file input.cif (mmCIF, C-alpha atoms)
data_work
loop_
_atom_site.label_atom_id
_atom_site.label_comp_id
_atom_site.auth_asym_id
_atom_site.auth_seq_id
_atom_site.Cartn_x
_atom_site.Cartn_y
_atom_site.Cartn_z
CA LYS A 1 33.30 66.55 146.77
CA PRO A 2 33.59 66.28 142.96
CA GLN A 3 33.84 70.11 142.76
CA CYS A 4 36.52 70.15 145.48
CA CYS A 5 38.58 67.48 143.68
CA SER A 6 38.33 69.42 140.40
CA LEU A 7 39.55 72.60 142.11
CA CYS A 8 42.49 70.77 143.68
CA THR A 9 43.43 69.30 140.32
CA VAL A 10 43.36 72.72 138.64
CA ILE A 11 45.51 74.25 141.41
CA SER A 12 47.98 71.39 141.15
CA LEU A 13 48.25 71.84 137.39
CA LEU A 14 48.83 75.60 137.77
CA ILE A 15 51.59 75.04 140.32
CA THR A 16 53.26 72.47 138.02
CA LEU A 17 53.03 74.85 135.03
CA PHE A 18 54.54 77.71 137.08
CA CYS A 19 57.49 75.50 138.13
CA VAL A 20 58.10 74.40 134.55
CA LEU A 21 58.12 77.99 133.27
CA LEU A 22 60.40 79.12 136.09
CA GLY A 23 62.85 76.29 135.38
CA ALA A 24 62.88 77.01 131.65
CA GLY A 25 63.62 80.67 132.28
CA PHE A 26 66.56 79.79 134.56
CA LEU A 27 68.00 77.38 132.01
CA ASN A 28 67.72 79.95 129.20
CA LEU A 29 69.50 82.55 131.33
CA ARG A 30 72.27 80.11 132.24
CA SER A 31 72.63 78.99 128.63
CA SER A 32 72.89 82.61 127.49
CA ARG A 33 75.63 83.30 130.02
CA LEU A 34 77.55 80.19 129.03
CA GLY A 35 77.30 81.27 125.41
CA ARG A 36 79.11 84.50 126.23
CA GLN A 37 81.75 83.05 128.53
CA VAL A 38 84.23 80.23 128.32
CA GLY A 39 85.41 78.68 131.57
CA ALA A 40 88.92 77.59 132.42
CA SER A 41 88.39 74.01 131.25
CA GLU A 42 87.86 75.25 127.66
CA VAL A 43 90.78 77.69 127.41
CA GLY A 44 93.61 75.73 128.92
CA GLY A 45 92.87 76.34 132.59
CA GLU A 46 94.05 79.95 132.83
CA LEU A 47 90.70 81.48 133.80
CA ASP A 48 87.70 80.54 135.90
CA GLY A 49 84.37 81.96 137.06
CA PRO A 50 84.15 85.75 136.87
CA GLN A 51 87.47 85.95 134.97
CA ALA A 52 86.16 83.93 132.03
CA VAL A 53 87.21 84.94 128.51
CA THR A 54 84.68 86.78 126.39
CA LEU A 55 84.25 85.30 122.93
CA SER A 56 83.82 87.65 120.01
CA ARG A 57 81.82 86.89 116.90
CA MET A 58 84.00 86.51 113.80
CA VAL A 59 83.01 86.81 110.15
CA TYR A 60 85.49 85.68 107.51
CA PRO A 61 85.51 84.03 104.05
CA GLN A 62 84.72 80.33 104.04
CA PRO A 63 87.76 78.10 103.39
CA LYS A 64 87.65 76.53 99.92
CA VAL A 65 88.32 72.79 100.02
CA LEU A 66 88.89 72.56 96.25
CA THR A 67 90.90 75.78 95.90
CA PRO A 68 94.48 75.65 97.26
CA SER A 69 95.71 78.79 99.02
CA ARG A 70 98.94 78.83 96.96
CA LYS A 71 99.72 76.86 93.78
CA ASP A 72 103.28 78.13 93.29
CA VAL A 73 104.87 76.84 96.51
CA LEU A 74 104.85 73.83 98.82
CA VAL A 75 102.27 74.46 101.54
CA LEU A 76 102.42 71.04 103.26
CA THR A 77 105.44 68.84 103.92
CA PRO A 78 105.34 65.05 103.38
CA TRP A 79 104.95 64.65 107.17
CA LEU A 80 101.90 67.00 107.10
CA ALA A 81 103.52 70.07 108.63
CA PRO A 82 102.25 73.39 107.21
CA THR A 83 104.70 75.59 105.32
CA VAL A 84 103.91 79.20 106.15
CA TRP A 85 103.80 81.61 103.21
CA GLU A 86 101.82 84.79 102.71
CA GLY A 87 98.32 83.80 101.59
CA THR A 88 98.22 80.50 103.51
CA PHE A 89 96.73 81.72 106.80
CA ASN A 90 94.09 84.04 108.27
CA ILE A 91 95.79 86.06 111.00
CA ASP A 92 92.49 87.22 112.53
CA ILE A 93 91.42 83.64 113.25
CA LEU A 94 94.85 82.79 114.65
CA ASN A 95 95.05 85.90 116.83
CA GLU A 96 91.69 85.04 118.40
CA GLN A 97 92.76 81.45 119.11
CA PHE A 98 96.01 82.48 120.79
CA ARG A 99 94.28 85.32 122.65
CA LEU A 100 91.92 82.79 124.24
CA ARG A 101 94.95 80.83 125.45
CA ASN A 102 96.49 83.98 126.99
CA THR A 103 99.76 83.12 125.21
CA THR A 104 103.11 84.67 126.16
CA ILE A 105 105.99 84.56 123.68
CA GLY A 106 109.68 84.79 124.50
CA LEU A 107 112.07 86.20 121.88
CA THR A 108 115.77 85.41 122.41
CA VAL A 109 118.65 87.36 120.88
CA PHE A 110 122.39 87.41 121.50
CA ALA A 111 123.99 90.85 121.61
CA ILE A 112 127.57 89.87 122.41
CA LYS A 113 130.41 92.41 122.07
CA LYS A 114 129.85 94.69 119.06
CA TYR A 115 126.52 93.05 118.20
CA VAL A 116 124.90 95.14 120.95
CA ALA A 117 124.87 97.95 118.38
CA PHE A 118 122.00 96.20 116.53
CA LEU A 119 119.70 96.01 119.55
CA GLU A 120 117.98 99.38 119.26
CA LEU A 121 116.77 98.91 115.67
CA PHE A 122 115.91 95.29 116.42
CA LEU A 123 113.68 96.22 119.39
CA GLN A 124 112.12 99.24 117.67
CA THR A 125 111.05 97.23 114.64
CA ALA A 126 109.95 94.27 116.79
CA GLU A 127 107.55 96.57 118.62
CA LYS A 128 105.99 97.49 115.26
CA HIS A 129 105.79 94.04 113.68
CA PHE A 130 106.45 91.14 116.11
CA MET A 131 103.46 89.50 117.84
CA VAL A 132 101.53 92.75 117.97
CA GLY A 133 98.68 92.51 120.48
CA HIS A 134 100.25 89.63 122.40
CA LYS A 135 102.41 89.41 125.52
CA VAL A 136 106.12 89.31 124.67
CA THR A 137 109.31 89.00 126.71
CA TYR A 138 112.52 89.99 124.92
CA TYR A 139 115.38 87.93 126.39
CA VAL A 140 118.62 89.76 125.59
CA PHE A 141 121.79 87.72 126.16
CA THR A 142 124.70 90.13 126.41
CA ASP A 143 128.08 90.73 127.98
CA ARG A 144 127.35 94.50 127.99
CA PRO A 145 124.16 94.99 130.04
CA GLY A 146 124.91 98.69 130.46
CA ASP A 147 124.73 99.20 126.70
CA VAL A 148 121.25 97.73 126.25
CA PRO A 149 119.10 100.62 124.91
CA ARG A 150 115.82 101.71 126.48
CA VAL A 151 113.09 101.36 123.87
CA PRO A 152 109.41 102.27 124.51
CA LEU A 153 107.41 99.05 124.82
CA GLY A 154 103.72 98.26 124.45
CA GLN A 155 101.49 96.94 127.20
CA GLY A 156 102.34 93.40 128.29
CA ARG A 157 105.82 93.55 126.73
CA GLN A 158 109.17 93.67 128.55
CA VAL A 159 112.93 93.39 128.07
CA VAL A 160 114.85 90.98 130.31
CA VAL A 161 118.65 91.33 130.21
CA LEU A 162 120.60 88.12 130.81
CA GLU A 163 124.30 88.77 131.41
CA VAL A 164 126.56 86.12 129.90
CA ARG A 165 130.26 85.83 129.10
CA ASN A 166 131.76 86.54 125.70
CA TYR A 167 134.15 84.41 123.67
CA SER A 168 137.20 85.34 121.65
CA ARG A 169 135.93 83.76 118.40
CA TRP A 170 132.54 84.54 116.86
CA GLN A 171 132.21 80.83 116.03
CA ASP A 172 132.33 80.03 119.75
CA VAL A 173 129.68 82.66 120.50
CA SER A 174 127.48 81.06 117.83
CA MET A 175 127.94 77.53 119.13
CA HIS A 176 127.44 78.44 122.79
CA ARG A 177 124.01 79.89 122.01
CA MET A 178 122.52 76.40 122.18
CA GLU A 179 124.04 75.82 125.62
CA MET A 180 122.82 79.16 126.98
CA ILE A 181 119.28 78.82 125.63
CA SER A 182 119.15 75.29 127.05
CA ASN A 183 120.33 76.38 130.50
CA PHE A 184 117.99 79.36 130.76
CA SER A 185 115.05 77.37 129.38
CA ARG A 186 115.46 74.92 132.23
CA GLN A 187 116.06 77.63 134.85
CA ARG A 188 113.37 80.17 133.97
CA PHE A 189 111.83 80.14 130.46
CA LEU A 190 109.72 77.06 131.27
CA HIS A 191 108.10 79.06 134.07
CA GLU A 192 107.73 82.40 132.28
CA VAL A 193 106.62 81.96 128.65
CA ASP A 194 104.72 79.49 126.45
CA TYR A 195 106.80 79.69 123.27
CA LEU A 196 110.36 80.66 122.40
CA VAL A 197 111.43 82.29 119.14
CA CYS A 198 115.22 82.28 118.69
CA VAL A 199 116.60 84.76 116.15
CA ASP A 200 119.75 86.64 115.08
CA VAL A 201 120.02 90.20 116.36
CA ASP A 202 121.72 91.78 113.33
CA MET A 203 118.36 91.98 111.55
CA ARG A 204 115.22 94.10 111.54
CA PHE A 205 111.52 93.35 111.32
CA ARG A 206 110.09 94.83 108.14
CA ASP A 207 106.60 93.29 108.05
CA HIS A 208 104.19 91.28 110.15
CA VAL A 209 105.57 88.31 112.14
CA GLY A 210 102.83 86.91 114.34
CA VAL A 211 101.28 83.86 115.93
CA GLU A 212 101.05 82.10 112.55
CA ILE A 213 104.62 80.90 113.20
CA LEU A 214 103.86 79.30 116.58
CA SER A 215 103.91 75.52 116.80
CA PRO A 216 105.53 72.91 119.06
CA LEU A 217 108.66 72.94 116.86
CA PHE A 218 109.39 75.14 113.84
CA GLY A 219 112.33 75.86 111.56
CA THR A 220 112.84 78.35 108.73
CA LEU A 221 113.86 77.63 105.14
CA HIS A 222 117.28 79.17 104.50
CA PRO A 223 116.87 81.95 101.89
CA GLY A 224 119.89 80.73 99.95
CA PHE A 225 118.69 77.14 99.55
CA TYR A 226 114.89 77.06 99.50
CA GLY A 227 114.84 76.15 95.80
CA ALA A 228 117.98 73.99 95.74
CA ALA A 229 118.43 70.23 95.53
CA ARG A 230 119.61 68.47 98.69
CA ALA A 231 122.99 67.71 97.10
CA ALA A 232 123.68 71.46 97.12
CA PHE A 233 122.88 71.92 100.81
CA THR A 234 125.88 72.88 102.93
CA TYR A 235 125.27 70.16 105.53
CA GLU A 236 128.15 68.80 107.56
CA ARG A 237 129.40 65.97 105.32
CA ARG A 238 132.16 64.44 107.49
CA PRO A 239 130.94 61.17 109.04
CA GLN A 240 133.08 61.83 112.13
CA SER A 241 130.83 64.74 113.16
CA GLN A 242 127.61 64.39 115.15
CA ALA A 243 126.08 66.83 112.63
CA HIS A 244 126.85 64.58 109.63
CA ILE A 245 124.11 64.21 107.00
CA PRO A 246 124.81 61.93 103.98
CA ARG A 247 124.30 63.33 100.48
CA ASP A 248 121.23 61.20 99.84
CA GLU A 249 119.42 62.46 102.96
CA GLY A 250 117.83 65.74 103.99
CA ASP A 251 114.47 67.48 103.60
CA PHE A 252 115.33 71.19 103.62
CA TYR A 253 118.22 73.39 104.67
CA TYR A 254 117.11 75.28 107.77
CA ALA A 255 118.52 78.65 108.82
CA GLY A 256 120.17 78.94 112.22
CA GLY A 257 118.92 82.50 112.57
CA PHE A 258 115.20 81.75 113.09
CA PHE A 259 113.81 78.70 114.90
CA GLY A 260 111.68 77.94 117.92
CA GLY A 261 108.63 76.26 119.39
CA SER A 262 107.21 75.47 122.78
CA VAL A 263 109.74 75.97 125.58
CA ALA A 264 109.83 72.22 126.25
CA GLU A 265 110.64 71.43 122.60
CA VAL A 266 113.25 74.19 122.34
CA LEU A 267 114.84 72.82 125.50
CA ARG A 268 115.06 69.37 123.88
CA LEU A 269 116.50 70.81 120.65
CA THR A 270 119.12 73.06 122.25
CA SER A 271 120.17 70.41 124.78
CA ALA A 272 120.63 67.80 122.03
CA CYS A 273 122.61 70.21 119.83
CA HIS A 274 124.81 71.24 122.75
CA ARG A 275 125.55 67.62 123.67
CA ALA A 276 126.44 66.87 120.04
CA MET A 277 128.84 69.83 119.93
CA VAL A 278 130.50 68.66 123.15
CA VAL A 279 131.11 65.24 121.56
CA ASP A 280 132.51 66.86 118.41
CA ARG A 281 134.79 69.10 120.45
CA ALA A 282 136.14 66.09 122.33
CA HIS A 283 137.13 64.58 118.97
CA GLY A 284 138.63 67.81 117.65
CA ILE A 285 135.81 68.46 115.17
CA GLU A 286 133.97 71.71 114.50
CA ALA A 287 130.93 71.44 112.23
CA VAL A 288 131.17 73.41 109.01
CA TRP A 289 128.39 75.85 109.94
CA HIS A 290 128.63 75.43 113.70
CA ASP A 291 125.27 75.44 115.53
CA GLU A 292 123.37 75.67 112.22
CA SER A 293 124.85 72.33 111.12
CA HIS A 294 123.69 70.68 114.34
CA LEU A 295 120.26 72.33 114.02
CA ASN A 296 119.85 70.76 110.58
CA ARG A 297 120.82 67.33 111.88
CA TYR A 298 118.30 67.63 114.71
CA LEU A 299 115.43 68.79 112.47
CA LEU A 300 116.12 65.94 110.07
CA ASP A 301 115.67 63.43 112.90
CA HIS A 302 112.90 65.35 114.71
CA LYS A 303 110.64 66.76 112.00
CA PRO A 304 109.34 70.27 112.73
CA THR A 305 105.59 70.64 113.15
CA LYS A 306 105.67 73.84 111.10
CA VAL A 307 108.11 75.15 108.47
CA LEU A 308 108.48 78.89 107.86
CA SER A 309 109.11 80.16 104.35
CA PRO A 310 112.14 82.37 103.63
CA GLU A 311 109.83 85.38 104.04
CA TYR A 312 110.84 85.08 107.71
CA LEU A 313 114.60 85.41 107.07
CA TRP A 314 115.77 87.26 103.99
CA ASP A 315 118.73 89.17 102.58
CA GLU A 316 117.43 91.55 99.92
CA GLN A 317 120.86 93.00 99.20
CA LEU A 318 122.17 89.54 98.31
CA LEU A 319 119.07 87.86 96.87
CA GLY A 320 116.84 90.64 95.53
CA TRP A 321 113.09 90.19 95.85
CA PRO A 322 111.70 87.28 93.78
CA ALA A 323 107.97 87.16 93.01
CA VAL A 324 107.42 83.95 94.99
CA VAL A 325 108.40 85.78 98.19
CA LYS A 326 105.41 88.08 98.57
CA LYS A 327 106.52 89.68 101.85
CA LEU A 328 109.90 90.37 103.40
CA ARG A 329 109.20 90.02 107.11
CA TYR A 330 112.59 89.76 108.83
CA VAL A 331 115.56 91.06 106.88
CA THR A 332 119.29 91.56 107.26
CA VAL A 333 120.81 94.90 108.17
CA PRO A 334 123.69 96.00 105.88
CA LYS A 335 126.99 95.57 107.72
CA SER A 336 130.59 94.46 107.49
CA HIS A 337 130.88 91.03 109.08
CA ARG A 338 134.64 91.44 109.33
CA VAL A 339 134.36 94.64 111.37
CA ILE A 340 131.57 93.36 113.62
CA ARG A 341 133.22 89.99 114.31
CA ASP A 342 136.72 91.40 114.80
#

call {"tool": "encode", "arguments": {"input": "input.cif", "output": "structure tokens"}}
result
Amino acid sequence: KPQCCSLCTVISLLITLFCVLLGAGFLNLRSSRLGRQVGASEVGGELDGPQAVTLSRMVYPQPKVLTPSRKDVLVLTPWLAPTVWEGTFNIDILNEQFRLRNTTIGLTVFAIKKYVAFLELFLQTAEKHFMVGHKVTYYVFTDRPGDVPRVPLGQGRQVVVLEVRNYSRWQDVSMHRMEMISNFSRQRFLHEVDYLVCVDVDMRFRDHVGVEILSPLFGTLHPGFYGAARAAFTYERRPQSQAHIPRDEGDFYYAGGFFGGSVAEVLRLTSACHRAMVVDRAHGIEAVWHDESHLNRYLLDHKPTKVLSPEYLWDEQLLGWPAVVKKLRYVTVPKSHRVIRD
């Protein structure tokens, strides 16, 4: 009997050891698989199970806590929003983060009347420099859909033509942009893209413009005022206007030709600006710089979560190329405003 009990004990121990080893092997295998895949709960819910996103190993220089990325420019606003200049971001890290989110970006432009002539160069240069490697929808607002050029597009990129009416005055075209973006954001953009970038069409992309600009709400420093005192800003100064900003207020002067954010935030911005313009119109007032004046009033009250440097909107013919602006990313195309707006 003692020998029998000893044998049973040994067998029991062997069975227990086998189960432990088998369980450990299963857990290691599962852990290894989880290390290579990220489920939907970790990447915003887009993917699940066999469609999980594969993470890639990244090697990059360690950030230096005691060494600022730029010493010659403001890189953080008083409300802790980053100011985006060349040298302040690592695009490889950002590309990977937005790739994991499967981000789609919408780019809106207005090609009304003669401005349709700028579309081909705009689209060609955007394909070279704008959000390369990401999904992009170009939303072209135009009264001449038949004149929209066919430009070869990369994978995951498309042009959507939105036919709209024109207006006799260029000022009215400019001011109605807010209304149109607001309406289409509510009708379709909310369901089609994650971010909206709203720009002027009479420009061309000259260098990289990527996901470093994306944020819930962003504005761009006007190239003519980025170094000026607020007293010199061409805000709307008449108290009767909804765009009025007193001389002792104001953070920056933002350009009307490059702003954006999440679709929800752009909807709020454009709807508020449109409502303000409707009130002004009812009182016989037209803001000095039209939709740009109302944009500046809105961004004073609703601080942007990211501010783009004038690298993202520049006129080299008018302003040259100062050393502080290390890259010219989105630049004006030489033209006669009188001829185009006539």

call {"tool": "resolve_selection", "arguments": {"input": "input.cif", "expression": "the PyMOL selection byres ((chain A and resi 314-328) around 10)", "output": "list in words"}}
result
Asp72, Val73, Trp85, Glu86, Gly87, Met203, Phe205, Arg206, Asp207, His208, Val209, Leu221, His222, Pro223, Gly224, Ser309, Pro310, Glu311, Tyr312, Leu313, Arg329, Tyr330, Val331, Thr332, Val333 and Pro334 of chain A

call {"tool": "write_last_selection", "arguments": {"input": "input.cif", "atoms": "C-alpha atoms", "output": "short mmCIF file (atom, residue, chain, number, x, y, z; two decimals), in the coordinates of the input"}}
result
data_model
loop_
_atom_site.label_atom_id
_atom_site.label_comp_id
_atom_site.auth_asym_id
_atom_site.auth_seq_id
_atom_site.Cartn_x
_atom_site.Cartn_y
_atom_site.Cartn_z
CA ASP A 72 103.28 78.13 93.29
CA VAL A 73 104.87 76.84 96.51
CA TRP A 85 103.80 81.61 103.21
CA GLU A 86 101.82 84.79 102.71
CA GLY A 87 98.32 83.80 101.59
CA MET A 203 118.36 91.98 111.55
CA PHE A 205 111.52 93.35 111.32
CA ARG A 206 110.09 94.83 108.14
CA ASP A 207 106.60 93.29 108.05
CA HIS A 208 104.19 91.28 110.15
CA VAL A 209 105.57 88.31 112.14
CA LEU A 221 113.86 77.63 105.14
CA HIS A 222 117.28 79.17 104.50
CA PRO A 223 116.87 81.95 101.89
CA GLY A 224 119.89 80.73 99.95
CA SER A 309 109.11 80.16 104.35
CA PRO A 310 112.14 82.37 103.63
CA GLU A 311 109.83 85.38 104.04
CA TYR A 312 110.84 85.08 107.71
CA LEU A 313 114.60 85.41 107.07
CA ARG A 329 109.20 90.02 107.11
CA TYR A 330 112.59 89.76 108.83
CA VAL A 331 115.56 91.06 106.88
CA THR A 332 119.29 91.56 107.26
CA VAL A 333 120.81 94.90 108.17
CA PRO A 334 123.69 96.00 105.88
#

call {"tool": "resolve_selection", "arguments": {"input": "input.cif", "expression": "the PyMOL selection byres ((chain A and resi 196) around 10)", "output": "MDAnalysis selection string"}}
result
chainID A and resid 104:108 136:139 181 185 189:190 193:195 197:199 214:217 259:267

call {"tool": "atom_distance", "arguments": {"input": "input.cif", "atom1": "CA of Ala282 in chain A", "atom2": "CA of Met175 in chain A"}}
result
14.4 Å

call {"tool": "residues_around", "arguments": {"input": "input.cif", "residues": "Asp291 in chain A", "least_positions_apart": "2", "cutoff": "12 Å", "atoms": "all atoms listed in the file", "output": "CSV table (one decimal) with C-alpha atoms, in the coordinates of the input"}}
result
chain,number,residue,atom,x,y,z
A,170,TRP,CA,132.5,84.5,116.9
A,171,GLN,CA,132.2,80.8,116.0
A,172,ASP,CA,132.3,80.0,119.8
A,173,VAL,CA,129.7,82.7,120.5
A,174,SER,CA,127.5,81.1,117.8
A,175,MET,CA,127.9,77.5,119.1
A,176,HIS,CA,127.4,78.4,122.8
A,177,ARG,CA,124.0,79.9,122.0
A,178,MET,CA,122.5,76.4,122.2
A,179,GLU,CA,124.0,75.8,125.6
A,235,TYR,CA,125.3,70.2,105.5
A,236,GLU,CA,128.2,68.8,107.6
A,242,GLN,CA,127.6,64.4,115.2
A,243,ALA,CA,126.1,66.8,112.6
A,254,TYR,CA,117.1,75.3,107.8
A,255,ALA,CA,118.5,78.6,108.8
A,256,GLY,CA,120.2,78.9,112.2
A,257,GLY,CA,118.9,82.5,112.6
A,259,PHE,CA,113.8,78.7,114.9
A,269,LEU,CA,116.5,70.8,120.6
A,270,THR,CA,119.1,73.1,122.2
A,271,SER,CA,120.2,70.4,124.8
A,272,ALA,CA,120.6,67.8,122.0
A,273,CYS,CA,122.6,70.2,119.8
A,274,HIS,CA,124.8,71.2,122.8
A,275,ARG,CA,125.6,67.6,123.7
A,276,ALA,CA,126.4,66.9,120.0
A,277,MET,CA,128.8,69.8,119.9
A,278,VAL,CA,130.5,68.7,123.2
A,280,ASP,CA,132.5,66.9,118.4
A,286,GLU,CA,134.0,71.7,114.5
A,287,ALA,CA,130.9,71.4,112.2
A,288,VAL,CA,131.2,73.4,109.0
A,289,TRP,CA,128.4,75.8,109.9
A,293,SER,CA,124.8,72.3,111.1
A,294,HIS,CA,123.7,70.7,114.3
A,295,LEU,CA,120.3,72.3,114.0
A,296,ASN,CA,119.8,70.8,110.6
A,297,ARG,CA,120.8,67.3,111.9
A,298,TYR,CA,118.3,67.6,114.7

call {"tool": "atom_distance", "arguments": {"input": "input.cif", "atom1": "CA of Ser56 in chain A", "atom2": "CA of Thr103 in chain A"}}
result
17.4 Å

call {"tool": "residues_around", "arguments": {"input": "input.cif", "residues": "Gln97 in chain A", "least_positions_apart": "5", "cutoff": "10 Å", "atoms": "only C-alpha atoms", "output": "MDAnalysis selection string"}}
result
chainID A and resid 43 91:92 102:103 211

call {"tool": "residues_around", "arguments": {"input": "input.cif", "residues": "Gly250 in chain A", "least_positions_apart": "6", "cutoff": "10 Å", "atoms": "only C-alpha atoms", "output": "PyMOL selection string"}}
result
chain A and resi 229-231+233+235+296-297+299-301

call {"tool": "resolve_selection", "arguments": {"input": "input.cif", "expression": "the PyMOL selection byres ((chain A and resi 69) around 12)", "output": "number ranges by chain"}}
result
A: 63-68, 70-76, 82-90

call {"tool": "atom_distance", "arguments": {"input": "input.cif", "atom1": "CA of Arg238 in chain A", "atom2": "CA of Tyr253 in chain A"}}
result
16.8 Å

call {"tool": "residues_around", "arguments": {"input": "input.cif", "residues": "Pro145 in chain A", "least_positions_apart": "4", "cutoff": "12 Å", "atoms": "only C-alpha atoms", "output": "ChimeraX atom specification"}}
result
/A:110-113,116,119,139-141,149-150,159-165
